[in-house]
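Shown next: start.txt, containing compact mmCIF, N, CA and C atoms.
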```
# COMPACT_ATOMS: atom_id res chain seq x y z
N MET B 194 133.42 37.74 211.50
CA MET B 194 132.37 38.75 211.49
C MET B 194 132.44 39.51 210.16
N ASN B 195 131.30 39.84 209.64
CA ASN B 195 131.20 40.55 208.37
C ASN B 195 131.50 42.04 208.58
N THR B 196 132.39 42.58 207.78
CA THR B 196 132.77 44.00 207.91
C THR B 196 132.10 44.86 206.85
N GLU B 197 131.00 44.37 206.29
CA GLU B 197 130.33 45.05 205.19
C GLU B 197 129.87 46.47 205.55
N ASN B 198 129.32 46.66 206.74
CA ASN B 198 128.81 47.97 207.16
C ASN B 198 129.81 48.75 208.01
N TYR B 199 131.03 48.30 208.03
CA TYR B 199 132.06 48.92 208.85
C TYR B 199 133.12 49.58 207.98
N ILE B 200 133.75 50.60 208.52
CA ILE B 200 134.85 51.29 207.86
C ILE B 200 136.06 51.18 208.77
N LEU B 201 137.18 50.84 208.21
CA LEU B 201 138.42 50.75 208.97
C LEU B 201 138.78 52.15 209.48
N VAL B 202 138.98 52.28 210.78
CA VAL B 202 139.24 53.58 211.39
C VAL B 202 140.51 54.20 210.81
N GLN B 203 141.54 53.40 210.63
CA GLN B 203 142.80 53.92 210.09
C GLN B 203 142.59 54.51 208.70
N LEU B 204 141.81 53.85 207.86
CA LEU B 204 141.53 54.36 206.51
C LEU B 204 140.70 55.63 206.58
N PHE B 205 139.67 55.63 207.43
CA PHE B 205 138.82 56.80 207.60
C PHE B 205 139.63 58.01 208.04
N CYS B 206 140.51 57.80 209.02
CA CYS B 206 141.32 58.90 209.55
C CYS B 206 142.31 59.42 208.50
N THR B 207 142.85 58.53 207.71
CA THR B 207 143.77 58.94 206.64
C THR B 207 143.05 59.79 205.61
N GLN B 208 141.85 59.38 205.22
CA GLN B 208 141.10 60.10 204.20
C GLN B 208 140.55 61.44 204.69
N THR B 209 140.18 61.51 205.95
CA THR B 209 139.54 62.73 206.47
C THR B 209 140.50 63.63 207.25
N GLU B 210 141.70 63.13 207.50
CA GLU B 210 142.71 63.85 208.29
C GLU B 210 142.24 64.11 209.72
N ILE B 211 141.39 63.22 210.23
CA ILE B 211 140.97 63.25 211.62
C ILE B 211 141.89 62.30 212.38
N GLU B 212 142.38 62.74 213.52
CA GLU B 212 143.31 61.91 214.29
C GLU B 212 142.62 60.69 214.88
N GLN B 213 143.34 59.57 214.89
CA GLN B 213 142.79 58.35 215.47
C GLN B 213 142.52 58.51 216.96
N SER B 214 143.32 59.33 217.61
CA SER B 214 143.10 59.56 219.04
C SER B 214 141.77 60.27 219.29
N PHE B 215 141.35 61.13 218.36
CA PHE B 215 140.06 61.79 218.46
C PHE B 215 138.93 60.77 218.38
N ILE B 216 139.05 59.83 217.45
CA ILE B 216 138.06 58.76 217.32
C ILE B 216 138.02 57.92 218.59
N ALA B 217 139.18 57.61 219.14
CA ALA B 217 139.25 56.83 220.38
C ALA B 217 138.57 57.59 221.53
N ASN B 218 138.78 58.91 221.58
CA ASN B 218 138.13 59.72 222.62
C ASN B 218 136.61 59.71 222.47
N LEU B 219 136.13 59.74 221.23
CA LEU B 219 134.68 59.68 221.01
C LEU B 219 134.12 58.36 221.51
N ASN B 220 134.88 57.30 221.31
CA ASN B 220 134.48 56.00 221.81
C ASN B 220 134.49 55.98 223.34
N ASP B 221 135.50 56.59 223.95
CA ASP B 221 135.59 56.66 225.41
C ASP B 221 134.40 57.39 226.03
N TYR B 222 133.91 58.43 225.34
CA TYR B 222 132.77 59.20 225.83
C TYR B 222 131.43 58.58 225.41
N ASP B 223 131.48 57.43 224.76
CA ASP B 223 130.29 56.72 224.27
C ASP B 223 129.49 57.52 223.25
N PHE B 224 130.16 58.41 222.53
CA PHE B 224 129.50 59.11 221.43
C PHE B 224 129.33 58.17 220.24
N ILE B 225 130.28 57.29 220.06
CA ILE B 225 130.25 56.29 218.99
C ILE B 225 130.70 54.95 219.57
N ALA B 226 130.47 53.90 218.80
CA ALA B 226 130.93 52.57 219.21
C ALA B 226 131.91 52.05 218.16
N LEU B 227 133.04 51.60 218.62
CA LEU B 227 134.04 51.01 217.75
C LEU B 227 133.99 49.50 217.90
N ALA B 228 134.33 48.81 216.83
CA ALA B 228 134.38 47.35 216.86
C ALA B 228 135.78 46.91 216.49
N THR B 229 136.28 45.93 217.21
CA THR B 229 137.58 45.36 216.89
C THR B 229 137.36 44.01 216.24
N ILE B 230 137.80 43.89 215.01
CA ILE B 230 137.64 42.66 214.23
C ILE B 230 139.01 42.27 213.69
N GLU B 231 139.47 41.11 214.10
CA GLU B 231 140.77 40.60 213.66
C GLU B 231 141.89 41.63 213.88
N ASN B 232 141.95 42.17 215.08
CA ASN B 232 142.98 43.14 215.49
C ASN B 232 142.93 44.47 214.74
N GLU B 233 141.85 44.75 214.07
CA GLU B 233 141.66 46.04 213.38
C GLU B 233 140.46 46.72 214.00
N THR B 234 140.51 48.04 214.09
CA THR B 234 139.41 48.81 214.68
C THR B 234 138.54 49.38 213.56
N TYR B 235 137.23 49.17 213.72
CA TYR B 235 136.26 49.61 212.72
C TYR B 235 135.21 50.50 213.36
N ILE B 236 134.58 51.30 212.49
CA ILE B 236 133.46 52.14 212.90
C ILE B 236 132.30 51.84 211.95
N LEU B 237 131.10 51.85 212.48
CA LEU B 237 129.92 51.64 211.63
C LEU B 237 129.75 52.82 210.68
N GLU B 238 129.34 52.53 209.46
CA GLU B 238 129.11 53.59 208.47
C GLU B 238 128.13 54.64 208.99
N GLU B 239 127.09 54.19 209.68
CA GLU B 239 126.05 55.10 210.15
C GLU B 239 126.54 56.06 211.23
N GLU B 240 127.70 55.80 211.81
CA GLU B 240 128.24 56.67 212.85
C GLU B 240 129.14 57.78 212.29
N ILE B 241 129.40 57.73 211.00
CA ILE B 241 130.29 58.71 210.38
C ILE B 241 129.72 60.12 210.49
N THR B 242 128.42 60.27 210.30
CA THR B 242 127.82 61.61 210.41
C THR B 242 127.96 62.17 211.83
N GLU B 243 127.86 61.29 212.83
CA GLU B 243 128.03 61.72 214.21
C GLU B 243 129.47 62.16 214.46
N VAL B 244 130.42 61.42 213.91
CA VAL B 244 131.84 61.80 214.04
C VAL B 244 132.06 63.17 213.41
N GLU B 245 131.51 63.39 212.23
CA GLU B 245 131.68 64.68 211.54
C GLU B 245 131.02 65.82 212.31
N ARG B 246 129.84 65.56 212.88
CA ARG B 246 129.14 66.59 213.65
C ARG B 246 129.96 66.98 214.89
N ILE B 247 130.45 65.99 215.60
CA ILE B 247 131.23 66.25 216.81
C ILE B 247 132.56 66.91 216.45
N TYR B 248 133.15 66.50 215.34
CA TYR B 248 134.41 67.10 214.89
C TYR B 248 134.24 68.61 214.67
N ARG B 249 133.12 68.98 214.01
CA ARG B 249 132.86 70.41 213.77
C ARG B 249 132.66 71.17 215.08
N LEU B 250 131.91 70.58 216.00
CA LEU B 250 131.71 71.23 217.30
C LEU B 250 133.03 71.40 218.04
N TYR B 251 133.86 70.38 217.99
CA TYR B 251 135.12 70.37 218.74
C TYR B 251 136.15 71.31 218.13
N TYR B 252 136.38 71.18 216.84
CA TYR B 252 137.47 71.94 216.22
C TYR B 252 137.04 73.30 215.69
N GLU B 253 135.85 73.39 215.13
CA GLU B 253 135.43 74.66 214.54
C GLU B 253 134.82 75.61 215.57
N LEU B 254 134.12 75.07 216.54
CA LEU B 254 133.49 75.92 217.56
C LEU B 254 134.24 75.92 218.88
N GLY B 255 135.21 75.02 219.02
CA GLY B 255 136.03 74.99 220.22
C GLY B 255 135.33 74.47 221.46
N ILE B 256 134.35 73.59 221.27
CA ILE B 256 133.63 73.02 222.41
C ILE B 256 134.33 71.73 222.81
N ASN B 257 134.67 71.60 224.10
CA ASN B 257 135.37 70.39 224.54
C ASN B 257 134.39 69.22 224.61
N LEU B 258 134.92 68.02 224.79
CA LEU B 258 134.09 66.82 224.76
C LEU B 258 133.07 66.79 225.90
N GLU B 259 133.43 67.36 227.05
CA GLU B 259 132.47 67.43 228.15
C GLU B 259 131.30 68.33 227.77
N GLY B 260 131.59 69.43 227.10
CA GLY B 260 130.55 70.34 226.64
C GLY B 260 129.67 69.69 225.58
N ILE B 261 130.29 68.92 224.69
CA ILE B 261 129.52 68.22 223.66
C ILE B 261 128.61 67.18 224.31
N ASP B 262 129.10 66.53 225.35
CA ASP B 262 128.28 65.56 226.07
C ASP B 262 127.07 66.24 226.68
N ALA B 263 127.29 67.40 227.29
CA ALA B 263 126.18 68.16 227.87
C ALA B 263 125.20 68.60 226.78
N LEU B 264 125.71 69.05 225.65
CA LEU B 264 124.84 69.44 224.53
C LEU B 264 124.01 68.26 224.04
N ASN B 265 124.64 67.10 223.91
CA ASN B 265 123.91 65.91 223.46
C ASN B 265 122.78 65.56 224.43
N ASN B 266 123.06 65.64 225.73
CA ASN B 266 122.03 65.34 226.73
C ASN B 266 120.88 66.34 226.64
N LEU B 267 121.20 67.62 226.48
CA LEU B 267 120.16 68.64 226.35
C LEU B 267 119.33 68.44 225.08
N MET B 268 119.99 68.09 223.99
CA MET B 268 119.27 67.87 222.73
C MET B 268 118.33 66.67 222.84
N GLN B 269 118.75 65.63 223.55
CA GLN B 269 117.88 64.47 223.75
C GLN B 269 116.66 64.85 224.59
N LYS B 270 116.88 65.67 225.62
CA LYS B 270 115.77 66.11 226.46
C LYS B 270 114.81 66.99 225.67
N ILE B 271 115.34 67.88 224.85
CA ILE B 271 114.50 68.74 224.01
C ILE B 271 113.67 67.90 223.06
N SER B 272 114.30 66.91 222.45
CA SER B 272 113.59 66.03 221.52
C SER B 272 112.47 65.28 222.23
N ALA B 273 112.75 64.78 223.43
CA ALA B 273 111.72 64.07 224.19
C ALA B 273 110.57 65.00 224.55
N LEU B 274 110.88 66.23 224.94
CA LEU B 274 109.84 67.20 225.27
C LEU B 274 109.02 67.59 224.04
N GLU B 275 109.67 67.72 222.89
CA GLU B 275 108.95 68.02 221.66
C GLU B 275 107.98 66.90 221.30
N ASN B 276 108.44 65.65 221.47
CA ASN B 276 107.56 64.51 221.20
C ASN B 276 106.38 64.49 222.16
N GLU B 277 106.64 64.75 223.43
CA GLU B 277 105.57 64.78 224.42
C GLU B 277 104.59 65.90 224.11
N ASN B 278 105.09 67.04 223.72
CA ASN B 278 104.26 68.19 223.37
C ASN B 278 103.37 67.86 222.16
N ARG B 279 103.94 67.20 221.17
CA ARG B 279 103.18 66.82 219.98
C ARG B 279 102.06 65.85 220.35
N LEU B 280 102.36 64.87 221.21
CA LEU B 280 101.35 63.91 221.63
C LEU B 280 100.24 64.58 222.44
N LEU B 281 100.60 65.50 223.30
CA LEU B 281 99.60 66.21 224.10
C LEU B 281 98.71 67.08 223.22
N LYS B 282 99.28 67.69 222.20
CA LYS B 282 98.47 68.49 221.27
C LYS B 282 97.48 67.60 220.52
N GLN B 283 97.92 66.41 220.14
CA GLN B 283 97.02 65.48 219.46
C GLN B 283 95.87 65.07 220.36
N LYS B 284 96.17 64.84 221.64
CA LYS B 284 95.13 64.46 222.58
C LYS B 284 94.15 65.62 222.79
N LEU B 285 94.67 66.83 222.84
CA LEU B 285 93.80 68.00 223.01
C LEU B 285 92.85 68.18 221.83
N LEU B 286 93.33 67.84 220.65
CA LEU B 286 92.48 67.96 219.47
C LEU B 286 91.28 67.02 219.55
N LEU B 287 91.42 65.91 220.23
CA LEU B 287 90.32 64.97 220.40
C LEU B 287 89.21 65.59 221.24
N PHE B 288 89.58 66.43 222.19
CA PHE B 288 88.58 67.04 223.07
C PHE B 288 88.07 68.39 222.56
N ASP B 289 88.75 68.93 221.58
CA ASP B 289 88.36 70.24 221.02
C ASP B 289 87.29 70.00 219.96
N VAL B 290 86.09 70.45 220.25
CA VAL B 290 85.01 70.27 219.33
C VAL B 290 84.50 71.57 218.79
```

Please go through the file and, once you have read it, give me the structure as structure tokens.
Amino acid sequence: MNTENYILVQLFCTQTEIEQSFIANLNDYDFIALATIENETYILEEEITEVERIYRLYYELGINLEGIDALNNLMQKISALENENRLLKQKLLLFDV
């Protein structure tokens, strides 16, 4: 498998001083997806921003992983409602003469 878009978790954790167990916990909560390639654990480059966002919530704001999960669910619902609201406004404009 090509590891071009993947970062070795051990290297990432060494450079950022984030514990590997924290990354494993994020995977357990399905916040991120880890890939095992040739007995090494990798993370997709595009998931790094999510790791950093959750790290700040967890360590800087003191929100536990269960709380972050609840926040993520609420943010997804808000986003869906915003999209629905935008679509309904567009439909209303069609009838507003």

### Query
Do you have the CA of Ala228 in chain B-atom N of Ile256 in chain B distance handy?
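If I compute the distance from CA of Ala228 in chain B to atom N of Ile256 in chain B, I get 26.6 Å.
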
### Task
Pick out the residues sitting within 8 Å of range 198-210 of chain B, and hand them over as an MDAnalysis selection string; count only C-alpha atoms, and ignore anything fewer than 2 positions along from it in its own chain.
chainID B and resid 195:196 212:213 216 233:238

## Note on the structure
The distance between CA of Phe215 in chain B and CA of Tyr251 in chain B is 9.9 Å

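Distance-wise, CA of Tyr248 in chain B and CA of Lys270 in chain B end up 22.0 Å apart.
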
### Task
Have a look at B:Ile241, B:Lys282, B:Gln269, B:Ser214 and name the one nearest to Ala226 in chain B; count only C-alpha atoms.
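Among the listed residues, B:Ile241 lies closest to Ala226 in chain B.
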
### Task
Using DSSP on the backbone coordinates, identify all residues within chain B classified as strand (DSSP E or B); present the result as a PyMOL selection string.
chain B and resi 199-201+227-230+233-237

#### Entry: Nearest to Asn218 in chain B, chosen from B:Arg279, B:Leu258, B:Arg246, B:Glu239, with all atoms listed in the file counted in the distances
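Among the listed residues, the smallest separation from Asn218 in chain B belongs to B:Leu258.
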
### Query
Which residues, protein or nucleic acid, reach to within 8 Å of (130.8, 63.4, 223.1) in the file's coordinates when using all atoms listed in the file, and can you give that as a PyMOL selection string?
chain B and resi 218-225+247+257-263+265

### Message
as a ChimeraX atom specification, please: every residue in chain B that a backbone DSSP assignment puts in helix (DSSP H, G or I).
### Response
/B:202-209,213-221,238-253,258-288

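Taking only C-alpha atoms into account, Ile211 in chain B lies nearest to B:Glu245 out of the set B:Glu275, B:Glu253, B:Glu245, B:Asp289.
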
Please return the centre and edge lengths, in Å to one decimal, of a box with edges along x, y and z that contains all listed atoms of range 242-246 of chain B, widened by 4 Å on every side, as AutoDock Vina command-line options.
```
--center_x 129.9 --center_y 63.6 --center_z 212.6 --size_x 12.2 --size_y 14.7 --size_z 12.6
```
